[in-house]
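Asks: Got a structure for you, upload.cif, holding mmCIF, C-alpha atoms; chains and numbers go by the auth columns.
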data_my_file
loop_
_atom_site.group_PDB
_atom_site.id
_atom_site.type_symbol
_atom_site.label_atom_id
_atom_site.label_comp_id
_atom_site.label_asym_id
_atom_site.label_seq_id
_atom_site.Cartn_x
_atom_site.Cartn_y
_atom_site.Cartn_z
_atom_site.B_iso_or_equiv
_atom_site.auth_seq_id
_atom_site.auth_asym_id
ATOM 1 C CA MET A 1 108.200 -4.520 -58.391 0.00 1 Y
ATOM 2 C CA PRO A 2 107.975 -1.606 -55.922 0.00 2 Y
ATOM 3 C CA PRO A 3 108.487 -2.377 -52.231 0.00 3 Y
ATOM 4 C CA ALA A 4 105.439 -3.451 -50.280 0.00 4 Y
ATOM 5 C CA VAL A 5 103.724 -0.647 -48.438 0.00 5 Y
ATOM 6 C CA PRO A 6 102.113 -1.686 -45.149 0.00 6 Y
ATOM 7 C CA LEU A 7 98.469 -0.664 -45.063 0.00 7 Y
ATOM 8 C CA GLN A 8 95.678 -1.305 -42.613 0.00 8 Y
ATOM 9 C CA TYR A 9 92.283 -2.530 -43.743 0.00 9 Y
ATOM 10 C CA ALA A 10 89.143 -2.569 -41.706 0.00 10 Y
ATOM 11 C CA ALA A 11 85.481 -3.232 -41.886 0.00 11 Y
ATOM 12 C CA ALA A 12 83.141 -0.345 -41.176 0.00 12 Y
ATOM 13 C CA PRO A 13 83.320 0.566 -37.472 0.00 13 Y
ATOM 14 C CA ALA A 14 80.217 0.366 -35.310 0.00 14 Y
ATOM 15 C CA ASP A 15 80.751 3.987 -34.260 0.00 15 Y
ATOM 16 C CA ALA A 16 80.966 6.284 -37.293 0.00 16 Y
ATOM 17 C CA SER A 17 83.147 8.779 -35.398 0.00 17 Y
ATOM 18 C CA ALA A 18 85.820 6.073 -35.080 0.00 18 Y
ATOM 19 C CA ALA A 19 86.101 5.931 -38.880 0.00 19 Y
ATOM 20 C CA PHE A 20 87.787 9.336 -39.102 0.00 20 Y
ATOM 21 C CA PRO A 21 90.196 9.692 -36.178 0.00 21 Y
ATOM 22 C CA THR A 22 92.295 12.805 -35.742 0.00 22 Y
ATOM 23 C CA ARG A 23 95.550 12.303 -37.656 0.00 23 Y
ATOM 24 C CA THR A 24 98.854 12.483 -35.869 0.00 24 Y
ATOM 25 C CA ALA A 25 100.916 10.957 -38.687 0.00 25 Y
ATOM 26 C CA PRO A 26 100.940 11.491 -42.453 0.00 26 Y
ATOM 27 C CA VAL A 27 98.501 9.432 -44.502 0.00 27 Y
ATOM 28 C CA GLN A 28 99.813 6.406 -46.354 0.00 28 Y
ATOM 29 C CA VAL A 29 97.332 6.538 -49.251 0.00 29 Y
ATOM 30 C CA TRP A 30 96.041 9.516 -51.210 0.00 30 Y
ATOM 31 C CA ALA A 31 93.144 8.992 -53.605 0.00 31 Y
ATOM 32 C CA ILE A 32 92.349 11.686 -56.135 0.00 32 Y
ATOM 33 C CA GLY A 33 89.311 11.600 -58.368 0.00 33 Y
ATOM 34 C CA ASP A 34 86.042 13.040 -59.541 0.00 34 Y
ATOM 35 C CA SER A 35 82.383 12.555 -58.597 0.00 35 Y
ATOM 36 C CA VAL A 36 82.551 8.775 -59.043 0.00 36 Y
ATOM 37 C CA MET A 37 85.203 8.558 -56.334 0.00 37 Y
ATOM 38 C CA LEU A 38 83.418 11.195 -54.276 0.00 38 Y
ATOM 39 C CA GLY A 39 80.277 9.058 -54.233 0.00 39 Y
ATOM 40 C CA ALA A 40 82.292 6.087 -53.003 0.00 40 Y
ATOM 41 C CA SER A 41 84.500 8.029 -50.563 0.00 41 Y
ATOM 42 C CA HIS A 42 82.815 6.703 -47.420 0.00 42 Y
ATOM 43 C CA GLU A 43 83.203 3.117 -48.629 0.00 43 Y
ATOM 44 C CA LEU A 44 86.833 3.806 -49.593 0.00 44 Y
ATOM 45 C CA ARG A 45 87.629 5.123 -46.123 0.00 45 Y
ATOM 46 C CA ASN A 46 86.002 2.038 -44.622 0.00 46 Y
ATOM 47 C CA ALA A 47 87.933 -0.329 -46.894 0.00 47 Y
ATOM 48 C CA VAL A 48 91.364 1.310 -46.567 0.00 48 Y
ATOM 49 C CA ARG A 49 92.463 3.003 -43.384 0.00 49 Y
ATOM 50 C CA ASP A 50 94.978 5.793 -43.412 0.00 50 Y
ATOM 51 C CA MET A 51 93.569 7.161 -46.657 0.00 51 Y
ATOM 52 C CA ASP A 52 92.919 10.740 -47.688 0.00 52 Y
ATOM 53 C CA VAL A 53 90.258 10.964 -50.409 0.00 53 Y
ATOM 54 C CA ASP A 54 90.371 14.137 -52.496 0.00 54 Y
ATOM 55 C CA ALA A 55 87.476 13.873 -54.934 0.00 55 Y
ATOM 56 C CA GLN A 56 85.479 16.628 -56.556 0.00 56 Y
ATOM 57 C CA VAL A 57 82.526 16.859 -58.915 0.00 57 Y
ATOM 58 C CA GLY A 58 83.639 17.623 -62.464 0.00 58 Y
ATOM 59 C CA ARG A 59 87.370 17.254 -61.784 0.00 59 Y
ATOM 60 C CA GLN A 60 89.484 16.794 -64.890 0.00 60 Y
ATOM 61 C CA VAL A 61 93.106 15.799 -65.385 0.00 61 Y
ATOM 62 C CA PRO A 62 94.622 19.333 -65.624 0.00 62 Y
ATOM 63 C CA ALA A 63 93.200 20.248 -62.195 0.00 63 Y
ATOM 64 C CA ALA A 64 94.485 16.980 -60.753 0.00 64 Y
ATOM 65 C CA LEU A 65 97.953 17.582 -62.188 0.00 65 Y
ATOM 66 C CA LYS A 66 98.001 20.934 -60.408 0.00 66 Y
ATOM 67 C CA LEU A 67 97.040 19.279 -57.096 0.00 67 Y
ATOM 68 C CA VAL A 68 99.681 16.576 -57.478 0.00 68 Y
ATOM 69 C CA ARG A 69 102.313 19.211 -58.286 0.00 69 Y
ATOM 70 C CA GLU A 70 101.308 21.234 -55.194 0.00 70 Y
ATOM 71 C CA ARG A 71 101.533 18.171 -52.932 0.00 71 Y
ATOM 72 C CA LYS A 72 104.867 17.162 -54.443 0.00 72 Y
ATOM 73 C CA ASP A 73 106.292 20.659 -53.954 0.00 73 Y
ATOM 74 C CA ALA A 74 105.082 20.602 -50.329 0.00 74 Y
ATOM 75 C CA HIS A 75 106.575 17.102 -49.800 0.00 75 Y
ATOM 76 C CA GLN A 76 103.115 15.747 -48.956 0.00 76 Y
ATOM 77 C CA LEU A 77 102.843 12.771 -51.286 0.00 77 Y
ATOM 78 C CA PRO A 78 102.350 9.453 -49.480 0.00 78 Y
ATOM 79 C CA PRO A 79 103.785 6.114 -50.629 0.00 79 Y
ATOM 80 C CA VAL A 80 100.558 5.145 -52.415 0.00 80 Y
ATOM 81 C CA VAL A 81 98.537 7.344 -54.782 0.00 81 Y
ATOM 82 C CA ILE A 82 95.260 6.234 -56.370 0.00 82 Y
ATOM 83 C CA ILE A 83 93.981 8.103 -59.425 0.00 83 Y
ATOM 84 C CA HIS A 84 90.546 7.784 -60.975 0.00 84 Y
ATOM 85 C CA LEU A 85 90.062 10.493 -63.576 0.00 85 Y
ATOM 86 C CA GLY A 86 88.826 10.666 -67.141 0.00 86 Y
ATOM 87 C CA ASN A 87 85.085 10.480 -66.544 0.00 87 Y
ATOM 88 C CA ASN A 88 84.630 14.181 -67.331 0.00 88 Y
ATOM 89 C CA GLY A 89 86.915 14.498 -70.330 0.00 89 Y
ATOM 90 C CA THR A 90 90.064 13.238 -71.929 0.00 90 Y
ATOM 91 C CA PHE A 91 93.047 11.658 -70.199 0.00 91 Y
ATOM 92 C CA SER A 92 95.764 11.684 -72.840 0.00 92 Y
ATOM 93 C CA ALA A 93 99.022 9.745 -73.017 0.00 93 Y
ATOM 94 C CA GLN A 94 100.882 13.042 -72.539 0.00 94 Y
ATOM 95 C CA GLN A 95 98.867 13.826 -69.404 0.00 95 Y
ATOM 96 C CA PHE A 96 99.604 10.334 -68.119 0.00 96 Y
ATOM 97 C CA ASP A 97 103.326 10.919 -68.627 0.00 97 Y
ATOM 98 C CA ASP A 98 103.068 14.353 -66.974 0.00 98 Y
ATOM 99 C CA MET A 99 101.361 12.717 -63.979 0.00 99 Y
ATOM 100 C CA MET A 100 103.953 9.973 -63.723 0.00 100 Y
ATOM 101 C CA LYS A 101 106.802 12.461 -63.969 0.00 101 Y
ATOM 102 C CA LEU A 102 105.419 14.041 -60.807 0.00 102 Y
ATOM 103 C CA LEU A 103 104.881 10.635 -59.182 0.00 103 Y
ATOM 104 C CA GLN A 104 108.066 8.901 -60.345 0.00 104 Y
ATOM 105 C CA ASP A 105 109.373 8.540 -56.775 0.00 105 Y
ATOM 106 C CA ILE A 106 106.124 7.173 -55.340 0.00 106 Y
ATOM 107 C CA PRO A 107 106.398 3.410 -54.728 0.00 107 Y
ATOM 108 C CA ARG A 108 102.868 2.598 -55.924 0.00 108 Y
ATOM 109 C CA VAL A 109 100.561 4.582 -58.194 0.00 109 Y
ATOM 110 C CA VAL A 110 97.225 2.938 -58.981 0.00 110 Y
ATOM 111 C CA PHE A 111 95.084 4.098 -61.896 0.00 111 Y
ATOM 112 C CA LEU A 112 91.481 3.067 -62.478 0.00 112 Y
ATOM 113 C CA THR A 113 89.978 2.789 -65.929 0.00 113 Y
ATOM 114 C CA THR A 114 86.767 4.645 -66.636 0.00 114 Y
ATOM 115 C CA LYS A 115 83.277 3.380 -67.212 0.00 115 Y
ATOM 116 C CA VAL A 116 81.600 6.346 -68.772 0.00 116 Y
ATOM 117 C CA PRO A 117 79.258 6.114 -71.776 0.00 117 Y
ATOM 118 C CA ARG A 118 81.028 8.901 -73.633 0.00 118 Y
ATOM 119 C CA LYS A 119 83.225 9.084 -76.739 0.00 119 Y
ATOM 120 C CA TRP A 120 86.385 9.496 -74.634 0.00 120 Y
ATOM 121 C CA GLN A 121 85.955 6.280 -72.616 0.00 121 Y
ATOM 122 C CA GLU A 122 87.918 3.995 -74.953 0.00 122 Y
ATOM 123 C CA PRO A 123 90.747 6.468 -75.743 0.00 123 Y
ATOM 124 C CA ASN A 124 91.134 7.258 -72.024 0.00 124 Y
ATOM 125 C CA ASN A 125 91.237 3.595 -71.058 0.00 125 Y
ATOM 126 C CA ASN A 126 93.789 2.915 -73.792 0.00 126 Y
ATOM 127 C CA ALA A 127 95.973 5.788 -72.549 0.00 127 Y
ATOM 128 C CA LEU A 128 95.738 4.445 -68.989 0.00 128 Y
ATOM 129 C CA THR A 129 96.469 0.840 -69.969 0.00 129 Y
ATOM 130 C CA ASN A 130 99.384 1.771 -72.202 0.00 130 Y
ATOM 131 C CA GLY A 131 100.709 4.272 -69.680 0.00 131 Y
ATOM 132 C CA VAL A 132 100.758 1.804 -66.809 0.00 132 Y
ATOM 133 C CA ASN A 133 102.814 -0.553 -68.957 0.00 133 Y
ATOM 134 C CA ARG A 134 105.534 2.096 -69.290 0.00 134 Y
ATOM 135 C CA TYR A 135 106.115 2.709 -65.570 0.00 135 Y
ATOM 136 C CA PRO A 136 107.256 0.074 -63.059 0.00 136 Y
ATOM 137 C CA ASN A 137 105.585 1.792 -60.096 0.00 137 Y
ATOM 138 C CA ALA A 138 102.192 2.101 -61.843 0.00 138 Y
ATOM 139 C CA ARG A 139 99.351 -0.416 -61.540 0.00 139 Y
ATOM 140 C CA LEU A 140 95.991 -0.654 -63.272 0.00 140 Y
ATOM 141 C CA VAL A 141 92.620 -1.466 -61.753 0.00 141 Y
ATOM 142 C CA ASP A 142 90.284 -2.216 -64.639 0.00 142 Y
ATOM 143 C CA TRP A 143 87.094 -0.712 -63.246 0.00 143 Y
ATOM 144 C CA HIS A 144 85.544 -0.752 -66.709 0.00 144 Y
ATOM 145 C CA ALA A 145 85.986 -4.507 -67.162 0.00 145 Y
ATOM 146 C CA ARG A 146 84.953 -5.314 -63.588 0.00 146 Y
ATOM 147 C CA SER A 147 81.799 -3.212 -63.667 0.00 147 Y
ATOM 148 C CA ALA A 148 80.656 -3.610 -67.287 0.00 148 Y
ATOM 149 C CA GLU A 149 78.434 -6.613 -66.539 0.00 149 Y
ATOM 150 C CA HIS A 150 76.832 -4.985 -63.482 0.00 150 Y
ATOM 151 C CA PRO A 151 74.494 -2.182 -64.567 0.00 151 Y
ATOM 152 C CA GLN A 152 72.752 -2.519 -61.192 0.00 152 Y
ATOM 153 C CA TRP A 153 75.819 -0.901 -59.573 0.00 153 Y
ATOM 154 C CA PHE A 154 75.106 2.387 -61.374 0.00 154 Y
ATOM 155 C CA TRP A 155 72.455 5.051 -61.297 0.00 155 Y
ATOM 156 C CA GLN A 156 70.569 5.774 -64.496 0.00 156 Y
ATOM 157 C CA ASP A 157 73.456 7.776 -65.990 0.00 157 Y
ATOM 158 C CA GLY A 158 75.618 4.639 -66.112 0.00 158 Y
ATOM 159 C CA ILE A 159 78.504 6.482 -64.417 0.00 159 Y
ATOM 160 C CA HIS A 160 77.720 7.258 -60.781 0.00 160 Y
ATOM 161 C CA LEU A 161 77.521 4.505 -58.215 0.00 161 Y
ATOM 162 C CA ARG A 162 74.631 3.130 -56.240 0.00 162 Y
ATOM 163 C CA PRO A 163 75.556 1.961 -52.709 0.00 163 Y
ATOM 164 C CA GLU A 164 76.311 -1.605 -53.882 0.00 164 Y
ATOM 165 C CA GLY A 165 78.508 -0.244 -56.676 0.00 165 Y
ATOM 166 C CA ALA A 166 80.357 2.057 -54.265 0.00 166 Y
ATOM 167 C CA LYS A 167 81.094 -0.926 -52.029 0.00 167 Y
ATOM 168 C CA MET A 168 82.385 -2.994 -54.953 0.00 168 Y
ATOM 169 C CA TYR A 169 84.487 -0.042 -56.188 0.00 169 Y
ATOM 170 C CA ALA A 170 86.086 0.375 -52.753 0.00 170 Y
ATOM 171 C CA ASN A 171 86.690 -3.354 -52.345 0.00 171 Y
ATOM 172 C CA LEU A 172 88.349 -3.558 -55.766 0.00 172 Y
ATOM 173 C CA ILE A 173 90.717 -0.719 -54.827 0.00 173 Y
ATOM 174 C CA ALA A 174 91.465 -2.279 -51.421 0.00 174 Y
ATOM 175 C CA MET A 175 92.299 -5.604 -53.095 0.00 175 Y
ATOM 176 C CA ALA A 176 94.683 -3.833 -55.484 0.00 176 Y
ATOM 177 C CA LEU A 177 96.564 -2.389 -52.502 0.00 177 Y
ATOM 178 C CA ARG A 178 97.107 -5.723 -50.743 0.00 178 Y
#
Would you mind writing the file out in structure tokens?
Replies:
Amino acid sequence: MPPAVPLQYAAAPADASAAFPTRTAPVQVWAIGDSVMLGASHELRNAVRDMDVDAQVGRQVPAALKLVRERKDAHQLPPVVIIHLGNNGTFSAQQFDDMMKLLQDIPRVVFLTTKVPRKWQEPNNNALTNGVNRYPNARLVDWHARSAEHPQWFWQDGIHLRPEGAKMYANLIAMALR
């Protein structure tokens, strides 16, 4: 088991400006994802302090691999990395291994399964589940299983999160980091 990484958790501050203080130290958690994470980014920052959320509409695994490589080369990877990708296309076993090769020295890497009504959902989730089992520093948050019985958390597309879903998504990630 990787060493524990001290993190701070907080409820939403009364003053929104207090939620995003000016940083004087490196972040402890970096979350990288697509539009699902982007839609929940405010809730994520409320649930986990000292987090940098890098989420973008339409992001796919190859673009994320490039970002991870850039951060690694610049020595800017924190002790915890959260990855939620695969909603916009495939996330293969080879891509998982490529990602973990870059993140092999990171104490905790957390992957989230996808809940996307597309043909690649099951293969992606299998690649994530099997991949996490191969790496001691990798953990899985089964977003698919947790959210499958809660269609009210999603907008009509069944992918993007309503406010209640964003809160549950962020809380699930925060619990995985404790």
Asks: Which residues, written as a PDB file with C-alpha atoms, in the frame of the given file, have at least one atom at most 12 Å from region 52-63 of chain Y, with all atoms listed in the file counted and residues fewer than 4 positions away on the same chain left out?
Replies:
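Wrote part-v1.pdb, looks like this:
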ATOM      1  CA  PHE Y  20      87.787   9.336 -39.102  1.00  0.00           C
ATOM      2  CA  PRO Y  21      90.196   9.692 -36.178  1.00  0.00           C
ATOM      3  CA  ARG Y  23      95.550  12.303 -37.656  1.00  0.00           C
ATOM      4  CA  PRO Y  26     100.940  11.491 -42.453  1.00  0.00           C
ATOM      5  CA  VAL Y  27      98.501   9.432 -44.502  1.00  0.00           C
ATOM      6  CA  GLN Y  28      99.813   6.406 -46.354  1.00  0.00           C
ATOM      7  CA  VAL Y  29      97.332   6.538 -49.251  1.00  0.00           C
ATOM      8  CA  TRP Y  30      96.041   9.516 -51.210  1.00  0.00           C
ATOM      9  CA  ALA Y  31      93.144   8.992 -53.605  1.00  0.00           C
ATOM     10  CA  ILE Y  32      92.349  11.686 -56.135  1.00  0.00           C
ATOM     11  CA  GLY Y  33      89.311  11.600 -58.368  1.00  0.00           C
ATOM     12  CA  ASP Y  34      86.042  13.040 -59.541  1.00  0.00           C
ATOM     13  CA  SER Y  35      82.383  12.555 -58.597  1.00  0.00           C
ATOM     14  CA  VAL Y  36      82.551   8.775 -59.043  1.00  0.00           C
ATOM     15  CA  MET Y  37      85.203   8.558 -56.334  1.00  0.00           C
ATOM     16  CA  LEU Y  38      83.418  11.195 -54.276  1.00  0.00           C
ATOM     17  CA  GLY Y  39      80.277   9.058 -54.233  1.00  0.00           C
ATOM     18  CA  ALA Y  40      82.292   6.087 -53.003  1.00  0.00           C
ATOM     19  CA  SER Y  41      84.500   8.029 -50.563  1.00  0.00           C
ATOM     20  CA  HIS Y  42      82.815   6.703 -47.420  1.00  0.00           C
ATOM     21  CA  GLU Y  43      83.203   3.117 -48.629  1.00  0.00           C
ATOM     22  CA  LEU Y  44      86.833   3.806 -49.593  1.00  0.00           C
ATOM     23  CA  ARG Y  45      87.629   5.123 -46.123  1.00  0.00           C
ATOM     24  CA  ASN Y  46      86.002   2.038 -44.622  1.00  0.00           C
ATOM     25  CA  VAL Y  48      91.364   1.310 -46.567  1.00  0.00           C
ATOM     26  CA  LEU Y  67      97.040  19.279 -57.096  1.00  0.00           C
ATOM     27  CA  VAL Y  68      99.681  16.576 -57.478  1.00  0.00           C
ATOM     28  CA  ARG Y  69     102.313  19.211 -58.286  1.00  0.00           C
ATOM     29  CA  GLU Y  70     101.308  21.234 -55.194  1.00  0.00           C
ATOM     30  CA  ARG Y  71     101.533  18.171 -52.932  1.00  0.00           C
ATOM     31  CA  GLN Y  76     103.115  15.747 -48.956  1.00  0.00           C
ATOM     32  CA  LEU Y  77     102.843  12.771 -51.286  1.00  0.00           C
ATOM     33  CA  PRO Y  78     102.350   9.453 -49.480  1.00  0.00           C
ATOM     34  CA  VAL Y  80     100.558   5.145 -52.415  1.00  0.00           C
ATOM     35  CA  VAL Y  81      98.537   7.344 -54.782  1.00  0.00           C
ATOM     36  CA  ILE Y  82      95.260   6.234 -56.370  1.00  0.00           C
ATOM     37  CA  ILE Y  83      93.981   8.103 -59.425  1.00  0.00           C
ATOM     38  CA  HIS Y  84      90.546   7.784 -60.975  1.00  0.00           C
ATOM     39  CA  LEU Y  85      90.062  10.493 -63.576  1.00  0.00           C
ATOM     40  CA  GLY Y  86      88.826  10.666 -67.141  1.00  0.00           C
ATOM     41  CA  ASN Y  87      85.085  10.480 -66.544  1.00  0.00           C
ATOM     42  CA  ASN Y  88      84.630  14.181 -67.331  1.00  0.00           C
ATOM     43  CA  GLY Y  89      86.915  14.498 -70.330  1.00  0.00           C
ATOM     44  CA  THR Y  90      90.064  13.238 -71.929  1.00  0.00           C
ATOM     45  CA  PHE Y  91      93.047  11.658 -70.199  1.00  0.00           C
ATOM     46  CA  SER Y  92      95.764  11.684 -72.840  1.00  0.00           C
ATOM     47  CA  ALA Y  93      99.022   9.745 -73.017  1.00  0.00           C
ATOM     48  CA  GLN Y  94     100.882  13.042 -72.539  1.00  0.00           C
ATOM     49  CA  GLN Y  95      98.867  13.826 -69.404  1.00  0.00           C
ATOM     50  CA  PHE Y  96      99.604  10.334 -68.119  1.00  0.00           C
ATOM     51  CA  ASP Y  97     103.326  10.919 -68.627  1.00  0.00           C
ATOM     52  CA  ASP Y  98     103.068  14.353 -66.974  1.00  0.00           C
ATOM     53  CA  MET Y  99     101.361  12.717 -63.979  1.00  0.00           C
ATOM     54  CA  ASN Y 124      91.134   7.258 -72.024  1.00  0.00           C
ATOM     55  CA  HIS Y 160      77.720   7.258 -60.781  1.00  0.00           C
ATOM     56  CA  ALA Y 170      86.086   0.375 -52.753  1.00  0.00           C
TER      57      ALA Y 170
END
Asks: As a check of understanding, name the residues that the PyMOL selection byres ((chain Y and resi 128-144) around 9) selects in the supplied structure, as a VMD selection string.
Replies: chain Y and resid 1 to 2 91 to 93 96 to 97 100 103 to 116 123 to 127 145 to 148 169 172 to 173 176
Asks: Can you list, as a PyMOL selection string, every protein, DNA or RNA residue that comes within 8 Å of Gly165 (chain Y) when you count all atoms listed in the file, leaving out same-chain residues fewer than 2 positions away?
Replies: chain Y and resi 152-154+161-163+167-169
Asks: Could you model N, CA and C atoms for region 117-144 of chain Y and present them as a JSON list (two decimals), in the coordinates of the input?
Replies:
[["chain", "number", "residue", "atom", "x", "y", "z"],
["Y", 117, "PRO", "N", 79.78, 6.25, -70.41],
["Y", 117, "PRO", "CA", 79.26, 6.11, -71.78],
["Y", 117, "PRO", "C", 79.44, 7.42, -72.58],
["Y", 118, "ARG", "N", 80.68, 7.71, -72.88],
["Y", 118, "ARG", "CA", 81.03, 8.90, -73.63],
["Y", 118, "ARG", "C", 82.09, 8.53, -74.66],
["Y", 119, "LYS", "N", 82.28, 9.38, -75.66],
["Y", 119, "LYS", "CA", 83.22, 9.08, -76.74],
["Y", 119, "LYS", "C", 84.67, 8.98, -76.26],
["Y", 120, "TRP", "N", 85.00, 9.53, -75.12],
["Y", 120, "TRP", "CA", 86.38, 9.50, -74.63],
["Y", 120, "TRP", "C", 86.70, 8.28, -73.76],
["Y", 121, "GLN", "N", 85.71, 7.44, -73.48],
["Y", 121, "GLN", "CA", 85.96, 6.28, -72.62],
["Y", 121, "GLN", "C", 87.07, 5.38, -73.16],
["Y", 122, "GLU", "N", 86.93, 4.93, -74.39],
["Y", 122, "GLU", "CA", 87.92, 4.00, -74.95],
["Y", 122, "GLU", "C", 89.30, 4.63, -75.11],
["Y", 123, "PRO", "N", 89.41, 5.86, -75.66],
["Y", 123, "PRO", "CA", 90.75, 6.47, -75.74],
["Y", 123, "PRO", "C", 91.39, 6.68, -74.36],
["Y", 124, "ASN", "N", 90.59, 7.08, -73.38],
["Y", 124, "ASN", "CA", 91.13, 7.26, -72.02],
["Y", 124, "ASN", "C", 91.64, 5.94, -71.46],
["Y", 125, "ASN", "N", 90.83, 4.89, -71.60],
["Y", 125, "ASN", "CA", 91.24, 3.60, -71.06],
["Y", 125, "ASN", "C", 92.47, 3.05, -71.77],
["Y", 126, "ASN", "N", 92.57, 3.31, -73.06],
["Y", 126, "ASN", "CA", 93.79, 2.92, -73.79],
["Y", 126, "ASN", "C", 95.01, 3.68, -73.28],
["Y", 127, "ALA", "N", 94.86, 4.98, -73.06],
["Y", 127, "ALA", "CA", 95.97, 5.79, -72.55],
["Y", 127, "ALA", "C", 96.39, 5.30, -71.17],
["Y", 128, "LEU", "N", 95.43, 4.94, -70.33],
["Y", 128, "LEU", "CA", 95.74, 4.44, -68.99],
["Y", 128, "LEU", "C", 96.44, 3.09, -69.06],
["Y", 129, "THR", "N", 95.89, 2.19, -69.85],
["Y", 129, "THR", "CA", 96.47, 0.84, -69.97],
["Y", 129, "THR", "C", 97.88, 0.90, -70.53],
["Y", 130, "ASN", "N", 98.06, 1.64, -71.60],
["Y", 130, "ASN", "CA", 99.38, 1.77, -72.20],
["Y", 130, "ASN", "C", 100.35, 2.50, -71.28],
["Y", 131, "GLY", "N", 99.86, 3.51, -70.59],
["Y", 131, "GLY", "CA", 100.71, 4.27, -69.68],
["Y", 131, "GLY", "C", 101.23, 3.44, -68.53],
["Y", 132, "VAL", "N", 100.35, 2.66, -67.93],
["Y", 132, "VAL", "CA", 100.76, 1.80, -66.81],
["Y", 132, "VAL", "C", 101.85, 0.84, -67.24],
["Y", 133, "ASN", "N", 101.80, 0.38, -68.46],
["Y", 133, "ASN", "CA", 102.81, -0.55, -68.96],
["Y", 133, "ASN", "C", 104.19, 0.08, -69.11],
["Y", 134, "ARG", "N", 104.25, 1.40, -69.12],
["Y", 134, "ARG", "CA", 105.53, 2.10, -69.29],
["Y", 134, "ARG", "C", 106.23, 2.44, -67.97],
["Y", 135, "TYR", "N", 105.55, 2.26, -66.85],
["Y", 135, "TYR", "CA", 106.12, 2.71, -65.57],
["Y", 135, "TYR", "C", 106.07, 1.57, -64.55],
["Y", 136, "PRO", "N", 107.22, 1.21, -63.98],
["Y", 136, "PRO", "CA", 107.26, 0.07, -63.06],
["Y", 136, "PRO", "C", 106.50, 0.29, -61.75],
["Y", 137, "ASN", "N", 106.30, 1.53, -61.35],
["Y", 137, "ASN", "CA", 105.58, 1.79, -60.10],
["Y", 137, "ASN", "C", 104.09, 2.00, -60.31],
["Y", 138, "ALA", "N", 103.61, 1.89, -61.53],
["Y", 138, "ALA", "CA", 102.19, 2.10, -61.84],
["Y", 138, "ALA", "C", 101.46, 0.76, -61.95],
["Y", 139, "ARG", "N", 100.22, 0.76, -61.47],
["Y", 139, "ARG", "CA", 99.35, -0.42, -61.54],
["Y", 139, "ARG", "C", 98.00, 0.01, -62.10],
["Y", 140, "LEU", "N", 97.30, -0.94, -62.69],
["Y", 140, "LEU", "CA", 95.99, -0.65, -63.27],
["Y", 140, "LEU", "C", 94.92, -1.47, -62.57],
["Y", 141, "VAL", "N", 93.84, -0.80, -62.21],
["Y", 141, "VAL", "CA", 92.62, -1.47, -61.75],
["Y", 141, "VAL", "C", 91.62, -1.24, -62.88],
["Y", 142, "ASP", "N", 91.18, -2.32, -63.49],
["Y", 142, "ASP", "CA", 90.28, -2.22, -64.64],
["Y", 142, "ASP", "C", 88.83, -2.14, -64.17],
["Y", 143, "TRP", "N", 88.45, -0.95, -63.72],
["Y", 143, "TRP", "CA", 87.09, -0.71, -63.25],
["Y", 143, "TRP", "C", 86.09, -0.95, -64.38],
["Y", 144, "HIS", "N", 86.45, -0.56, -65.58],
["Y", 144, "HIS", "CA", 85.54, -0.75, -66.71],
["Y", 144, "HIS", "C", 85.21, -2.23, -66.89]]
